[in-house]
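K.L.:
You'll find entry-v1.cif just under this line, and it carries mmCIF, C-alpha atoms.
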data_upload
#
loop_
_atom_site.group_PDB
_atom_site.id
_atom_site.type_symbol
_atom_site.label_atom_id
_atom_site.label_comp_id
_atom_site.auth_asym_id
_atom_site.auth_seq_id
_atom_site.Cartn_x
_atom_site.Cartn_y
_atom_site.Cartn_z
ATOM 1 C CA MET A 15 37.819 13.522 -8.173
ATOM 2 C CA GLY A 16 40.451 11.707 -6.090
ATOM 3 C CA LYS A 17 38.102 11.654 -3.084
ATOM 4 C CA SER A 18 35.294 10.231 -5.227
ATOM 5 C CA ILE A 19 37.423 7.340 -6.439
ATOM 6 C CA PHE A 20 38.590 6.700 -2.878
ATOM 7 C CA LEU A 21 34.973 6.672 -1.638
ATOM 8 C CA ILE A 22 33.893 4.319 -4.427
ATOM 9 C CA ALA A 23 36.769 1.999 -3.555
ATOM 10 C CA LEU A 24 35.794 2.051 0.130
ATOM 11 C CA LEU A 25 32.123 1.416 -0.665
ATOM 12 C CA THR A 26 32.994 -1.411 -3.064
ATOM 13 C CA PHE A 27 35.300 -3.026 -0.523
ATOM 14 C CA GLY A 28 32.647 -2.625 2.165
ATOM 15 C CA LEU A 29 29.988 -4.201 -0.048
ATOM 16 C CA LEU A 30 32.294 -7.035 -1.050
ATOM 17 C CA SER A 31 33.190 -7.631 2.579
ATOM 18 C CA THR A 32 29.503 -7.684 3.513
ATOM 19 C CA VAL A 33 28.654 -10.162 0.756
ATOM 20 C CA TYR A 34 31.648 -12.431 1.165
ATOM 21 C CA GLY A 35 32.369 -11.863 4.852
ATOM 22 C CA GLU A 36 35.884 -10.873 3.878
ATOM 23 C CA LYS A 37 37.874 -9.437 1.012
ATOM 24 C CA PRO A 38 36.987 -11.127 -2.325
ATOM 25 C CA LYS A 39 39.352 -13.968 -3.031
ATOM 26 C CA ASP A 40 39.713 -13.430 -6.761
ATOM 27 C CA GLU A 41 38.272 -11.962 -9.944
ATOM 28 C CA TRP A 42 35.513 -14.617 -9.919
ATOM 29 C CA ASP A 43 34.172 -13.251 -6.617
ATOM 30 C CA ILE A 44 34.215 -9.755 -8.096
ATOM 31 C CA ALA A 45 32.461 -10.953 -11.290
ATOM 32 C CA ASP A 46 29.815 -12.669 -9.161
ATOM 33 C CA LEU A 47 29.164 -9.424 -7.327
ATOM 34 C CA GLN A 48 29.064 -7.469 -10.602
ATOM 35 C CA THR A 49 26.550 -9.801 -12.277
ATOM 36 C CA LYS A 50 23.629 -7.711 -13.472
ATOM 37 C CA ARG A 51 20.568 -8.513 -11.363
ATOM 38 C CA LEU A 52 17.274 -6.774 -12.141
ATOM 39 C CA ALA A 53 14.546 -5.799 -9.719
ATOM 40 C CA PRO A 54 11.265 -7.638 -10.429
ATOM 41 C CA THR A 55 9.680 -4.315 -11.428
ATOM 42 C CA ALA A 56 12.102 -4.097 -14.373
ATOM 43 C CA LEU A 57 10.287 -6.975 -16.095
ATOM 44 C CA SER A 58 7.091 -5.385 -17.375
ATOM 45 C CA GLU A 59 5.515 -8.674 -18.503
ATOM 46 C CA LEU A 60 5.305 -9.991 -14.934
ATOM 47 C CA PRO A 61 1.887 -9.885 -13.252
ATOM 48 C CA LYS A 62 1.731 -7.502 -10.267
ATOM 49 C CA ASN A 63 1.012 -10.276 -7.740
ATOM 50 C CA ILE A 64 4.180 -12.118 -8.808
ATOM 51 C CA ILE A 65 6.226 -8.904 -8.639
ATOM 52 C CA ARG A 66 5.006 -8.367 -5.058
ATOM 53 C CA GLU A 67 5.882 -11.945 -4.092
ATOM 54 C CA LEU A 68 9.355 -11.689 -5.624
ATOM 55 C CA GLN A 69 9.925 -8.426 -3.745
ATOM 56 C CA MET A 70 8.779 -10.016 -0.475
ATOM 57 C CA ARG A 71 11.225 -12.873 -1.042
ATOM 58 C CA GLY A 72 14.065 -10.425 -1.750
ATOM 59 C CA CYS A 73 14.537 -11.730 -5.305
ATOM 60 C CA THR A 74 16.448 -10.135 -8.117
ATOM 61 C CA ILE A 75 16.640 -11.660 -11.596
ATOM 62 C CA PRO A 76 20.203 -12.379 -12.790
ATOM 63 C CA GLN A 77 20.959 -11.506 -16.405
ATOM 64 C CA THR A 78 23.354 -13.290 -18.743
ATOM 65 C CA TYR A 79 26.265 -11.417 -20.281
ATOM 66 C CA ASP A 80 25.082 -12.022 -23.855
ATOM 67 C CA ASN A 81 21.478 -10.773 -23.832
ATOM 68 C CA PRO A 82 20.794 -7.050 -23.381
ATOM 69 C CA LYS A 83 17.014 -7.549 -23.095
ATOM 70 C CA PRO A 84 15.546 -8.467 -19.681
ATOM 71 C CA HIS A 85 15.207 -12.247 -19.397
ATOM 72 C CA ASN A 86 15.127 -15.271 -17.062
ATOM 73 C CA VAL A 87 11.382 -14.805 -16.643
ATOM 74 C CA ILE A 88 9.284 -17.250 -18.669
ATOM 75 C CA HIS A 89 5.728 -18.520 -18.862
ATOM 76 C CA GLY A 90 4.523 -21.790 -20.244
ATOM 77 C CA GLU A 91 2.379 -24.827 -19.574
ATOM 78 C CA PHE A 92 4.639 -26.503 -17.001
ATOM 79 C CA ALA A 93 2.084 -28.750 -15.273
ATOM 80 C CA LYS A 94 -0.587 -29.357 -17.867
ATOM 81 C CA LYS A 95 -1.674 -28.202 -21.270
ATOM 82 C CA GLY A 96 -3.960 -25.196 -21.217
ATOM 83 C CA ARG A 97 -2.755 -23.571 -17.984
ATOM 84 C CA SER A 98 -0.191 -20.768 -18.043
ATOM 85 C CA ASP A 99 2.453 -20.957 -15.320
ATOM 86 C CA TRP A 100 5.366 -18.589 -14.668
ATOM 87 C CA ALA A 101 8.983 -19.517 -13.914
ATOM 88 C CA ILE A 102 11.474 -16.943 -12.671
ATOM 89 C CA LEU A 103 15.158 -17.299 -11.878
ATOM 90 C CA CYS A 104 15.333 -15.687 -8.419
ATOM 91 C CA SER A 105 18.724 -14.636 -7.065
ATOM 92 C CA LYS A 106 19.058 -13.884 -3.372
ATOM 93 C CA ASN A 107 22.378 -13.592 -1.566
ATOM 94 C CA MET A 108 24.113 -14.674 -4.791
ATOM 95 C CA VAL A 109 22.282 -18.009 -4.941
ATOM 96 C CA SER A 110 19.583 -18.613 -7.557
ATOM 97 C CA VAL A 111 16.565 -20.874 -7.575
ATOM 98 C CA ILE A 112 13.869 -21.324 -10.205
ATOM 99 C CA LEU A 113 10.491 -20.346 -8.751
ATOM 100 C CA ILE A 114 7.378 -21.725 -10.437
ATOM 101 C CA PHE A 115 4.133 -19.820 -9.942
ATOM 102 C CA TRP A 116 1.410 -22.348 -10.786
ATOM 103 C CA GLY A 117 -1.354 -20.719 -12.815
ATOM 104 C CA GLY A 118 0.218 -17.337 -12.040
ATOM 105 C CA ALA A 119 -0.743 -17.586 -8.352
ATOM 106 C CA GLU A 120 1.638 -16.675 -5.538
ATOM 107 C CA LYS A 121 0.423 -19.602 -3.393
ATOM 108 C CA ASN A 122 2.208 -22.969 -3.339
ATOM 109 C CA VAL A 123 5.213 -21.736 -5.322
ATOM 110 C CA SER A 124 7.628 -24.529 -6.277
ATOM 111 C CA GLU A 125 11.390 -24.032 -5.921
ATOM 112 C CA ILE A 126 13.835 -26.091 -7.982
ATOM 113 C CA ALA A 127 17.483 -26.161 -9.050
ATOM 114 C CA GLU A 128 19.009 -23.936 -6.360
ATOM 115 C CA MET A 129 22.673 -23.182 -7.093
ATOM 116 C CA PRO A 130 25.218 -20.451 -6.337
ATOM 117 C CA ASP A 131 25.327 -17.827 -9.076
ATOM 118 C CA LYS A 132 29.108 -18.143 -9.127
ATOM 119 C CA THR A 133 28.664 -21.677 -10.551
ATOM 120 C CA PHE A 134 27.458 -20.080 -13.804
ATOM 121 C CA LEU A 135 30.352 -17.706 -14.396
ATOM 122 C CA GLN A 136 32.662 -18.296 -17.337
ATOM 123 C CA GLY A 137 35.419 -16.554 -19.236
ATOM 124 C CA ILE A 138 33.859 -14.686 -22.155
ATOM 125 C CA GLY A 139 37.010 -13.428 -23.856
ATOM 126 C CA GLY A 140 39.197 -10.398 -23.450
ATOM 127 C CA GLY A 141 39.913 -11.305 -19.830
ATOM 128 C CA LYS A 142 36.246 -10.802 -18.928
ATOM 129 C CA ILE A 143 33.967 -13.053 -16.905
ATOM 130 C CA GLY A 144 30.226 -13.260 -17.522
ATOM 131 C CA TYR A 145 27.155 -14.773 -15.889
ATOM 132 C CA SER A 146 25.712 -17.556 -18.060
ATOM 133 C CA ARG A 147 22.584 -19.182 -16.583
ATOM 134 C CA ALA A 148 19.402 -18.879 -18.642
ATOM 135 C CA ILE A 149 15.989 -20.509 -18.484
ATOM 136 C CA THR A 150 13.729 -21.042 -21.498
ATOM 137 C CA VAL A 151 10.511 -22.890 -22.302
ATOM 138 C CA VAL A 152 10.913 -26.136 -24.264
ATOM 139 C CA GLY A 153 8.404 -28.523 -25.766
ATOM 140 C CA LYS A 154 8.149 -32.169 -26.730
ATOM 141 C CA LYS A 155 10.321 -31.885 -29.863
ATOM 142 C CA PHE A 156 13.269 -30.360 -27.951
ATOM 143 C CA ILE A 157 12.963 -32.909 -25.129
ATOM 144 C CA MET A 158 12.699 -35.951 -27.420
ATOM 145 C CA ASP A 159 15.384 -34.751 -29.864
ATOM 146 C CA HIS A 160 17.897 -34.271 -27.034
ATOM 147 C CA TYR A 161 17.013 -37.613 -25.453
ATOM 148 C CA LYS A 162 17.562 -39.370 -28.807
ATOM 149 C CA VAL A 163 20.953 -37.702 -29.319
ATOM 150 C CA TYR A 164 22.353 -37.733 -25.761
ATOM 151 C CA GLY A 165 20.431 -40.457 -23.901
ATOM 152 C CA GLY A 166 19.839 -40.073 -20.199
ATOM 153 C CA LEU A 167 16.624 -40.582 -18.256
ATOM 154 C CA LYS A 168 13.856 -41.786 -20.593
ATOM 155 C CA PRO A 169 11.228 -39.039 -20.751
ATOM 156 C CA PRO A 170 7.705 -39.864 -19.616
ATOM 157 C CA PRO A 171 4.856 -39.157 -22.039
ATOM 158 C CA ILE A 172 5.330 -35.466 -22.936
ATOM 159 C CA ASP A 173 2.018 -33.596 -22.905
ATOM 160 C CA HIS A 174 3.101 -30.147 -21.666
ATOM 161 C CA GLU A 175 6.208 -27.956 -21.598
ATOM 162 C CA GLY A 176 9.435 -28.101 -19.617
ATOM 163 C CA ILE A 177 12.063 -25.620 -18.442
ATOM 164 C CA ASP A 178 15.483 -25.733 -20.082
ATOM 165 C CA ASP A 179 18.046 -24.655 -17.480
ATOM 166 C CA ALA A 180 21.189 -23.768 -19.434
ATOM 167 C CA PHE A 181 24.776 -22.893 -18.702
ATOM 168 C CA ILE A 182 25.179 -20.952 -21.958
ATOM 169 C CA GLU A 183 27.571 -22.592 -24.428
ATOM 170 C CA LYS A 184 28.236 -25.437 -21.951
ATOM 171 C CA GLY A 185 25.102 -27.549 -21.560
ATOM 172 C CA SER A 186 21.653 -27.730 -20.038
ATOM 173 C CA SER A 187 19.106 -29.929 -18.365
ATOM 174 C CA VAL A 188 15.334 -29.906 -18.693
ATOM 175 C CA HIS A 189 13.104 -29.726 -15.631
ATOM 176 C CA TYR A 190 9.870 -31.551 -16.429
ATOM 177 C CA TYR A 191 6.939 -31.810 -14.032
ATOM 178 C CA TYR A 192 5.449 -35.292 -13.982
ATOM 179 C CA ARG A 193 3.022 -36.847 -11.493
ATOM 180 C CA GLY A 194 3.758 -34.286 -8.772
ATOM 181 C CA ASN A 195 7.565 -34.415 -9.112
ATOM 182 C CA TRP A 196 10.215 -32.571 -11.078
ATOM 183 C CA LEU A 197 12.273 -34.839 -13.326
ATOM 184 C CA GLU A 198 15.658 -33.765 -14.655
ATOM 185 C CA LEU A 199 15.811 -34.744 -18.305
ATOM 186 C CA THR A 200 18.593 -34.436 -20.861
ATOM 187 C CA GLY A 201 19.106 -31.023 -22.402
ATOM 188 C CA ALA A 202 21.812 -29.707 -24.676
ATOM 189 C CA ASP A 203 25.389 -30.930 -24.387
#
Take the structure in the file and give it back as structure tokens.
P.N.:
Amino acid sequence: MGKSIFLIALLTFGLLSTVYGEKPKDEWDIADLQTKRLAPTALSELPKNIIRELQMRGCTIPQTYDNPKPHNVIHGEFAKKGRSDWAILCSKNMVSVILIFWGGAEKNVSEIAEMPDKTFLQGIGGGKIGYSRAITVVGKKFIMDHYKVYGGLKPPPIDHEGIDDAFIEKGSSVHYYYRGNWLELTGAD
């Protein structure tokens, strides 16, 4: 048993050193490393072509501390009404980006909102730290209600869905595709 614990400690230190290039600086580095990240195959709703593309890109899907069900994979009408697109939060080397698969195709994938996973860590009580970035589909009512309450960039005419990119219990912004560009609109505060 003592040898097993010693080996686990050596492996953990080795992995941490590989990821960080040195010993982790603090408990936040350790929490970042311990964030649950699922393989694309763990999300059964994903089409096989998207799973293959995510695997080729080396993606895992980070999971928030508060939701035991697999998440951070969504589909909605992100470019126009009537076409189903997929958005996946892809974590690679502890940095996440939202990938948008237009019409479910693996060609011409858009990448938005790239940020280090560590940015979305927060204290969750009891001396614990949890990962807190989540993406969800939002519609016109959510977008307009949040604009009316919080202001910000005036939304264009809303005729399809957006992606709410949330730091759970802190705030969010909405990514809305308009005329070939991604706008960042007001989300929750």
K.L.:
Report as a ChimeraX atom specification the full result of the PyMOL selection byres ((chain A and resi 116) around 12) when it is applied to this structure.
P.N.:
/A:64,89-94,97-102,113-115,117-125,191
K.L.:
Taking the file above as input, evaluate the PyMOL selection byres ((chain A and resi 48) around 12) and report the hits as JSON, numbers by chain.
P.N.:
{"A": [26, 29, 30, 33, 41, 42, 43, 44, 45, 46, 47, 49, 50, 51, 52, 76, 77, 78, 79, 108, 131, 132, 135, 142, 143, 144, 145]}
K.L.:
Name the residues in contact with Gly165 of chain A at a cut-off of 12 Å, using all atoms listed in the file, excluding same-chain residues fewer than 4 positions from it; report them as a list in words.
P.N.:
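Once the nearby chain positions are removed, what remains is Ile157, Met158, Asp159, His160, Tyr161, Pro169, Ser187, Leu199, Thr200, Gly201, Ala202 and Asp203 of chain A.
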K.L.:
Generate a file of the selected residues that holds C-alpha atoms, formatted as a compact mmCIF listing (two decimals), keeping the file's coordinate frame.
P.N.:
# COMPACT_ATOMS: atom_id res chain seq x y z
CA ILE A 157 12.96 -32.91 -25.13
CA MET A 158 12.70 -35.95 -27.42
CA ASP A 159 15.38 -34.75 -29.86
CA HIS A 160 17.90 -34.27 -27.03
CA TYR A 161 17.01 -37.61 -25.45
CA PRO A 169 11.23 -39.04 -20.75
CA SER A 187 19.11 -29.93 -18.36
CA LEU A 199 15.81 -34.74 -18.30
CA THR A 200 18.59 -34.44 -20.86
CA GLY A 201 19.11 -31.02 -22.40
CA ALA A 202 21.81 -29.71 -24.68
CA ASP A 203 25.39 -30.93 -24.39
K.L.:
Return as a ChimeraX atom specification the set of residues that the PyMOL selection byres ((chain A and resi 68) around 10) yields on the displayed structure.
P.N.:
/A:53-55,62-67,69-75,102,104-105,113,120
K.L.:
Go through A:Ile172, A:Ala148, A:Val87, A:Ile112 one by one, measure the shortest atom-to-atom distance of each to Ser186 of chain A using all atoms listed in the file, and give the residue with the smallest value.
P.N.:
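Among A:Ile172, A:Ala148, A:Val87, A:Ile112, it is A:Ala148 that comes nearest to Ser186 of chain A.
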K.L.:
Would you please work out which residue, of A:Lys39, A:Lys184, A:Lys155, A:His85, is nearest to Glu59 of chain A when using all atoms listed in the file?
P.N.:
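Residue with the minimum atom-to-atom distance to Glu59 of chain A: A:His85.
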K.L.:
One decimal, in Å: what's the spacing between atom CA of Val109 of chain A and atom CA of Glu128 of chain A?
P.N.:
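These two atoms are separated by 6.9 Å.
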K.L.:
Which residues, written as a ChimeraX atom specification, have at least one atom at most 6 Å from Arg147 of chain A, with only C-alpha atoms counted and residues fewer than 6 positions away on the same chain left out?
P.N.:
/A:134,180-181
K.L.:
Report the distance between atom CA of Lys154 of chain A and atom CA of Pro171 of chain A in Å, rounded to one decimal place.
P.N.:
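Those two atoms sit 9.0 Å apart.
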K.L.:
Using all atoms listed in the file, which residue out of A:Ile149, A:Leu197, A:Val111, A:Ile138 lies closest to Gly166 of chain A?
P.N.:
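Nearest to Gly166 of chain A: A:Leu197.
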K.L.:
Can I get segment 124-151 of chain A with N, CA and C atoms filled in, as a CSV table (one decimal), in the frame of the given file?
P.N.:
chain,number,residue,atom,x,y,z
A,124,SER,N,6.6,-23.5,-6.3
A,124,SER,CA,7.6,-24.5,-6.3
A,124,SER,C,9.0,-23.9,-6.4
A,125,GLU,N,10.0,-24.5,-5.8
A,125,GLU,CA,11.4,-24.0,-5.9
A,125,GLU,C,12.2,-25.2,-6.4
A,126,ILE,N,13.0,-25.0,-7.5
A,126,ILE,CA,13.8,-26.1,-8.0
A,126,ILE,C,15.2,-25.5,-8.4
A,127,ALA,N,16.2,-26.4,-8.5
A,127,ALA,CA,17.5,-26.2,-9.0
A,127,ALA,C,18.2,-25.0,-8.4
A,128,GLU,N,18.3,-25.0,-7.1
A,128,GLU,CA,19.0,-23.9,-6.4
A,128,GLU,C,20.5,-24.2,-6.5
A,129,MET,N,21.2,-23.1,-6.9
A,129,MET,CA,22.7,-23.2,-7.1
A,129,MET,C,23.3,-21.8,-6.9
A,130,PRO,N,24.5,-21.8,-6.4
A,130,PRO,CA,25.2,-20.5,-6.3
A,130,PRO,C,25.4,-19.8,-7.7
A,131,ASP,N,25.2,-18.5,-7.8
A,131,ASP,CA,25.3,-17.8,-9.1
A,131,ASP,C,26.7,-18.0,-9.6
A,132,LYS,N,27.7,-18.0,-8.7
A,132,LYS,CA,29.1,-18.1,-9.1
A,132,LYS,C,29.4,-19.4,-10.0
A,133,THR,N,28.5,-20.4,-9.8
A,133,THR,CA,28.7,-21.7,-10.6
A,133,THR,C,28.5,-21.4,-12.0
A,134,PHE,N,27.8,-20.4,-12.4
A,134,PHE,CA,27.5,-20.1,-13.8
A,134,PHE,C,28.3,-18.9,-14.4
A,135,LEU,N,29.4,-18.7,-13.8
A,135,LEU,CA,30.4,-17.7,-14.4
A,135,LEU,C,31.3,-18.4,-15.3
A,136,GLN,N,31.7,-17.7,-16.4
A,136,GLN,CA,32.7,-18.3,-17.3
A,136,GLN,C,33.4,-17.2,-18.0
A,137,GLY,N,34.6,-17.5,-18.5
A,137,GLY,CA,35.4,-16.6,-19.2
A,137,GLY,C,34.7,-16.3,-20.6
A,138,ILE,N,34.6,-15.0,-20.9
A,138,ILE,CA,33.9,-14.7,-22.2
A,138,ILE,C,34.8,-14.0,-23.2
A,139,GLY,N,36.1,-14.0,-22.9
A,139,GLY,CA,37.0,-13.4,-23.9
A,139,GLY,C,37.5,-12.1,-23.4
A,140,GLY,N,38.6,-11.7,-23.8
A,140,GLY,CA,39.2,-10.4,-23.4
A,140,GLY,C,39.5,-10.2,-22.0
A,141,GLY,N,39.7,-11.4,-21.3
A,141,GLY,CA,39.9,-11.3,-19.8
A,141,GLY,C,38.7,-11.0,-19.0
A,142,LYS,N,37.5,-11.1,-19.6
A,142,LYS,CA,36.2,-10.8,-18.9
A,142,LYS,C,35.6,-12.1,-18.5
A,143,ILE,N,34.7,-11.9,-17.4
A,143,ILE,CA,34.0,-13.1,-16.9
A,143,ILE,C,32.5,-12.7,-17.0
A,144,GLY,N,31.6,-13.6,-17.4
A,144,GLY,CA,30.2,-13.3,-17.5
A,144,GLY,C,29.3,-14.3,-16.9
A,145,TYR,N,28.2,-13.9,-16.4
A,145,TYR,CA,27.2,-14.8,-15.9
A,145,TYR,C,26.4,-15.5,-17.0
A,146,SER,N,26.2,-16.8,-16.9
A,146,SER,CA,25.7,-17.6,-18.1
A,146,SER,C,24.6,-18.5,-17.8
A,147,ARG,N,23.7,-18.3,-16.8
A,147,ARG,CA,22.6,-19.2,-16.6
A,147,ARG,C,21.3,-18.6,-17.2
A,148,ALA,N,20.6,-19.4,-18.0
A,148,ALA,CA,19.4,-18.9,-18.6
A,148,ALA,C,18.3,-20.0,-18.6
A,149,ILE,N,17.1,-19.6,-18.4
A,149,ILE,CA,16.0,-20.5,-18.5
A,149,ILE,C,15.1,-20.2,-19.7
A,150,THR,N,14.6,-21.2,-20.4
A,150,THR,CA,13.7,-21.0,-21.5
A,150,THR,C,12.7,-22.1,-21.5
A,151,VAL,N,11.6,-21.9,-22.2
A,151,VAL,CA,10.5,-22.9,-22.3
A,151,VAL,C,10.9,-23.8,-23.4
